[in-house]
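The block underneath contains the structure these notes are about, expressed in structure tokens.
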Amino acid sequence: MTSRTMDPAQELAAFLRSRREGLDPDRLGLPSPRRRRRTPGLRREEVAELAGVSTDYVVRLEQGRGLRPSAEVLAALARALCLDPSERDYLFDLAGRRRPAAAGGPAAGAAPSLARLVGDLSPLPAMLLDHRYDILAWNPEMARLLPGFETVPPSRRNAMWLCLLHPAMRGFYADREQVLRDGIAHLRAAWAAHPRDRELSGLIDEFAAQDEDFARLWSEREVGVNGRGRKALRHPVAGALTVDFEVLLPLQDPELRLLVYRAADEESRASLDRLCAR
């Protein structure tokens with residue numbers, strides 16, 4: 001059973017409301033109303049007009065009354081609400097209109113060739129993750145980079161759990177807020193694509209119950225997948241260093257993510273080399 005906090009119909013309703021309330025009528029060129037707006041964003045009737053549906057239909061969608069909008073209606077709503085590509089995919093996933101992903105249960109695991117590839121990427125720190133952020137394979141450099149990773153039991157080898165709840169990594173990310181925000185946006189997209197994954201829903205419930213930052217950021221309903229970027233780290237041995245990251249999707253295993261770190265500057269490269277040579 002999907003948890004109450006992760007019900008697709010209710011999440012679809014809340015997501016539509018949040019995106020409608022976040023729009024600026026002036027930026028969309030809508031005429032000024034005769035009476036002042038009592039709530040932020042667009043009115044339901046304005047969204048309905050922009051999407052070419054009835055106001056009653058928008059009301060029922062936002063009330064989570066079990067409607068199954070067609071792909072055409074979803075596309076119209078996405079345009080009306082100015083959704084970006086990640087938000088559009090999320091909307092379609094919540095409505096069950098994209099290709100169904102594998103249902104819950106244990107991850108299929110890393111193909112032997114992918115696990116070998118992670119090792120072959122040395123000396124670059126690398127690891128292989130599934131859609132839940134479970135860490136399926138890693139090389140020695142990544143194990144040295146993640147503080148206290150060798151003490152983590154197999155059941156807790158999850159990148160989000162490490163960031164949230166592993167004491168050794170509490171201060172690891174210089175901008176923990178942004179790292180959490182990006183990770184939660186990914187988890188939200190992953191959940192919409194895997195609504196029957198009980199393990200994923202259970203992880204989300206656990207994180208929300210045990211970490212107030214996760215609960216706060218989850219409630220903001222950001223969604224997206226960040227494929228590359230930069231992170232500033234505070235390592236207990238190597239000190240401050242900055243890494244660039246790249247996320248690659250194996251063509252035959254698109255549910256997996258290959259994460260690779262590279263030093264962002266010469267000082268960080270020297271620190272990383274010293275750490276990995278230990």
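Labels used: A, B, ... for chains in the order of the structure tokens, numbers from 1 for residues in each chain, and numbers from 1 for ligands as shown.
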message: Which residues are close to range 167-174 of chain A, i.e. within 12 Å by only C-alpha atoms, leaving aside same-chain residues fewer than 2 positions away? Reply as number ranges by chain.
response: A: 145-152, 159-165, 176-180, 211, 230-243
Residues of the last selection are to be written out with N, CA and C atoms, as a short mmCIF file (atom, residue, chain, number, x, y, z; two decimals), in the first residue's frame.
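As written to disk, selection38.cif reads:
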```
data_model
loop_
_atom_site.label_atom_id
_atom_site.label_comp_id
_atom_site.auth_asym_id
_atom_site.auth_seq_id
_atom_site.Cartn_x
_atom_site.Cartn_y
_atom_site.Cartn_z
N LEU A 145 36.60 9.04 -0.39
CA LEU A 145 36.08 10.40 -0.42
C LEU A 145 34.88 10.57 0.51
N LEU A 146 34.03 9.54 0.64
CA LEU A 146 32.85 9.63 1.49
C LEU A 146 33.23 9.29 2.92
N PRO A 147 33.19 10.25 3.84
CA PRO A 147 33.65 10.00 5.22
C PRO A 147 32.86 8.89 5.90
N GLY A 148 33.61 7.95 6.49
CA GLY A 148 32.97 6.89 7.25
C GLY A 148 32.21 5.87 6.42
N PHE A 149 32.43 5.85 5.11
CA PHE A 149 31.64 4.95 4.26
C PHE A 149 31.90 3.49 4.62
N GLU A 150 33.13 3.16 5.04
CA GLU A 150 33.46 1.76 5.33
C GLU A 150 32.72 1.24 6.56
N THR A 151 32.18 2.13 7.38
CA THR A 151 31.45 1.70 8.58
C THR A 151 29.96 1.53 8.34
N VAL A 152 29.48 1.89 7.16
CA VAL A 152 28.05 1.86 6.87
C VAL A 152 27.62 0.44 6.53
N ALA A 159 22.80 7.00 -0.94
CA ALA A 159 23.43 8.32 -0.95
C ALA A 159 22.62 9.35 -0.16
N MET A 160 21.29 9.28 -0.22
CA MET A 160 20.48 10.23 0.52
C MET A 160 20.54 9.95 2.02
N TRP A 161 20.54 8.67 2.40
CA TRP A 161 20.66 8.33 3.82
C TRP A 161 21.99 8.83 4.37
N LEU A 162 23.07 8.66 3.61
CA LEU A 162 24.37 9.14 4.05
C LEU A 162 24.34 10.65 4.30
N CYS A 163 23.78 11.38 3.36
CA CYS A 163 23.75 12.83 3.47
C CYS A 163 22.91 13.29 4.65
N LEU A 164 21.78 12.62 4.88
CA LEU A 164 20.84 13.03 5.92
C LEU A 164 21.21 12.54 7.31
N LEU A 165 21.57 11.26 7.41
CA LEU A 165 21.56 10.60 8.71
C LEU A 165 22.89 9.98 9.14
N ARG A 176 24.97 22.15 2.06
CA ARG A 176 24.12 20.98 2.29
C ARG A 176 22.69 21.23 1.82
N GLU A 177 22.21 22.44 2.01
CA GLU A 177 20.84 22.77 1.61
C GLU A 177 20.63 22.51 0.12
N GLN A 178 21.57 22.96 -0.72
CA GLN A 178 21.40 22.78 -2.16
C GLN A 178 21.56 21.32 -2.56
N VAL A 179 22.48 20.61 -1.92
CA VAL A 179 22.65 19.18 -2.21
C VAL A 179 21.36 18.43 -1.87
N LEU A 180 20.78 18.74 -0.71
CA LEU A 180 19.52 18.12 -0.33
C LEU A 180 18.41 18.49 -1.30
N ASP A 211 14.34 13.67 9.58
CA ASP A 211 15.13 14.85 9.28
C ASP A 211 14.20 16.00 8.90
N ARG A 230 28.65 21.21 -9.69
CA ARG A 230 29.84 21.37 -8.87
C ARG A 230 29.44 21.32 -7.40
N LYS A 231 30.27 20.68 -6.59
CA LYS A 231 30.02 20.60 -5.15
C LYS A 231 31.28 20.98 -4.39
N ALA A 232 31.10 21.80 -3.38
CA ALA A 232 32.18 22.13 -2.46
C ALA A 232 32.09 21.19 -1.27
N LEU A 233 33.20 20.53 -0.95
CA LEU A 233 33.22 19.51 0.09
C LEU A 233 34.13 19.93 1.23
N ARG A 234 33.82 19.40 2.42
CA ARG A 234 34.69 19.58 3.59
C ARG A 234 35.06 18.19 4.09
N HIS A 235 36.21 17.70 3.67
CA HIS A 235 36.61 16.35 4.04
C HIS A 235 37.41 16.39 5.32
N PRO A 236 37.17 15.46 6.26
CA PRO A 236 37.88 15.49 7.55
C PRO A 236 39.38 15.26 7.43
N VAL A 237 39.83 14.64 6.34
CA VAL A 237 41.26 14.39 6.15
C VAL A 237 41.84 15.32 5.08
N ALA A 238 41.18 15.40 3.93
CA ALA A 238 41.70 16.17 2.81
C ALA A 238 41.42 17.66 2.94
N GLY A 239 40.53 18.05 3.83
CA GLY A 239 40.18 19.45 3.98
C GLY A 239 39.19 19.90 2.92
N ALA A 240 39.15 21.20 2.65
CA ALA A 240 38.20 21.76 1.67
C ALA A 240 38.66 21.43 0.25
N LEU A 241 37.74 20.95 -0.56
CA LEU A 241 38.01 20.70 -1.97
C LEU A 241 36.72 20.83 -2.75
N THR A 242 36.86 21.06 -4.03
CA THR A 242 35.70 21.26 -4.90
C THR A 242 35.76 20.24 -6.03
N VAL A 243 34.63 19.59 -6.31
CA VAL A 243 34.57 18.60 -7.37
C VAL A 243 33.47 18.95 -8.37
#
```
- prompt: What lies within 9 Å of Arg44 in chain A using only C-alpha atoms, ignoring chain neighbours under 2 positions off, as a ChimeraX atom specification?
  reply: /A:17,20,42,46-49,55-56,58-59
Considering only C-alpha atoms, return as a short mmCIF file (atom, residue, chain, number, x, y, z; two decimals) with C-alpha atoms, in the first residue's frame whatever protein or nucleic-acid residues lie within 9 Å of Val225 in chain A, sequence-local ones (same chain, fewer than 5 positions apart) excluded.
```
data_model
loop_
_atom_site.label_atom_id
_atom_site.label_comp_id
_atom_site.auth_asym_id
_atom_site.auth_seq_id
_atom_site.Cartn_x
_atom_site.Cartn_y
_atom_site.Cartn_z
CA SER A 86 11.18 17.82 -15.54
CA ASP A 182 18.74 18.59 -5.72
CA GLY A 183 18.55 15.10 -4.24
CA ALA A 185 13.94 16.88 -6.50
CA HIS A 186 15.36 13.68 -8.00
CA LEU A 187 13.61 11.44 -5.46
CA ALA A 189 10.70 12.49 -9.91
#
```
- request: Please provide the set of residues having any atom within 10 Å of Glu220 in chain A, restricted to only C-alpha atoms, with same-chain residues fewer than 2 positions apart removed, written as a list in words.
  value: Phe15, Ser18, Arg181, Ile184, Ala185, Ala215, Arg216, Leu217, Trp218, Glu222 and Val223 of chain A
Take the residues just selected and output them with C-alpha atoms as a PDB file, in the first residue's frame.
```
ATOM      1  CA  PHE A  15       1.292  19.762  -7.472  1.00  0.00           C
ATOM      2  CA  SER A  18       1.331  24.719  -6.114  1.00  0.00           C
ATOM      3  CA  ARG A 181      17.296  20.216  -2.582  1.00  0.00           C
ATOM      4  CA  ILE A 184      14.949  15.529  -3.091  1.00  0.00           C
ATOM      5  CA  ALA A 185      13.937  16.878  -6.498  1.00  0.00           C
ATOM      6  CA  ALA A 215      10.482  17.242   5.438  1.00  0.00           C
ATOM      7  CA  ARG A 216      10.629  20.987   4.765  1.00  0.00           C
ATOM      8  CA  LEU A 217      12.198  20.672   1.312  1.00  0.00           C
ATOM      9  CA  TRP A 218       9.955  17.768   0.320  1.00  0.00           C
ATOM     10  CA  GLU A 222      10.501  20.805  -6.495  1.00  0.00           C
ATOM     11  CA  VAL A 223      11.123  18.183  -9.145  1.00  0.00           C
TER      12      VAL A 223
END
```
message: With DSSP run on the backbone, what are the strand (DSSP E) residues within range 16-223 of chain A? I'd like them as a list in words.
response: Ala126, Met127, Leu128, Leu129, Ile135, Leu136, Ala137 and Trp138 of chain A
Let's have the selection written as a compact mmCIF listing (two decimals), in the first residue's frame, with N, CA, C and O atoms.
```txt
# COMPACT_ATOMS: atom_id res chain seq x y z
N ALA A 126 34.04 7.22 -8.37
CA ALA A 126 32.84 6.89 -9.13
C ALA A 126 31.99 5.89 -8.34
O ALA A 126 32.50 5.10 -7.55
N MET A 127 30.67 5.96 -8.57
CA MET A 127 29.76 4.97 -7.99
C MET A 127 28.53 4.84 -8.87
O MET A 127 28.21 5.73 -9.66
N LEU A 128 27.88 3.70 -8.72
CA LEU A 128 26.68 3.38 -9.48
C LEU A 128 25.48 3.37 -8.53
O LEU A 128 25.52 2.73 -7.48
N LEU A 129 24.42 4.11 -8.91
CA LEU A 129 23.24 4.23 -8.07
C LEU A 129 22.00 3.80 -8.84
O LEU A 129 21.97 3.88 -10.08
N ILE A 135 23.39 2.67 -3.39
CA ILE A 135 24.72 2.59 -4.01
C ILE A 135 25.01 1.13 -4.32
O ILE A 135 25.18 0.30 -3.44
N LEU A 136 25.07 0.79 -5.61
CA LEU A 136 25.22 -0.59 -6.05
C LEU A 136 26.67 -0.99 -6.27
O LEU A 136 27.02 -2.16 -6.15
N ALA A 137 27.51 -0.03 -6.64
CA ALA A 137 28.93 -0.32 -6.87
C ALA A 137 29.71 0.98 -6.67
O ALA A 137 29.18 2.07 -6.90
N TRP A 138 30.96 0.85 -6.26
CA TRP A 138 31.81 2.02 -6.03
C TRP A 138 33.25 1.60 -6.15
O TRP A 138 33.58 0.42 -6.07
```
- request: Would you mind listing what lies within 9 Å of Leu12 in chain A as a count of residues only, with only C-alpha atoms counted and same-chain residues fewer than 2 positions away left out?
  value: 14
- line: As a check of understanding: the span from CA of Glu255 in chain A to CA of Leu203 in chain A is 17.5 Å
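By only C-alpha atoms, and with residues fewer than 6 positions from Arg262 in chain A along its chain excluded, the set lying at most 7 Å from it is Leu124, Val243, Asp244 and Phe245 of chain A.
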Keeping only N, CA and C atoms, write the selected residues to a file as a PDB file, in the first residue's frame.
```
ATOM      1  N   LEU A 124      39.463   8.375 -10.798  1.00  0.00           N
ATOM      2  CA  LEU A 124      38.327   9.262 -10.563  1.00  0.00           C
ATOM      3  C   LEU A 124      37.343   8.582  -9.611  1.00  0.00           C
ATOM      4  N   VAL A 243      34.627  19.594  -6.305  1.00  0.00           N
ATOM      5  CA  VAL A 243      34.570  18.595  -7.371  1.00  0.00           C
ATOM      6  C   VAL A 243      33.469  18.953  -8.367  1.00  0.00           C
ATOM      7  N   ASP A 244      33.718  18.631  -9.606  1.00  0.00           N
ATOM      8  CA  ASP A 244      32.678  18.649 -10.632  1.00  0.00           C
ATOM      9  C   ASP A 244      32.115  17.232 -10.736  1.00  0.00           C
ATOM     10  N   PHE A 245      30.807  17.125 -10.927  1.00  0.00           N
ATOM     11  CA  PHE A 245      30.216  15.793 -11.068  1.00  0.00           C
ATOM     12  C   PHE A 245      29.470  15.677 -12.384  1.00  0.00           C
TER      13      PHE A 245
END
```
- request: Any chance you could list, as a PyMOL selection string, the residues in range 176-245 of chain A that come up helix (DSSP H, G or I) when DSSP is run on the backbone?
  value: chain A and resi 176-193+198-210+212-218
field: Between CA of Glu246 in chain A and CA of Leu259 in chain A - distance in Å to one decimal
entry: 5.9 Å
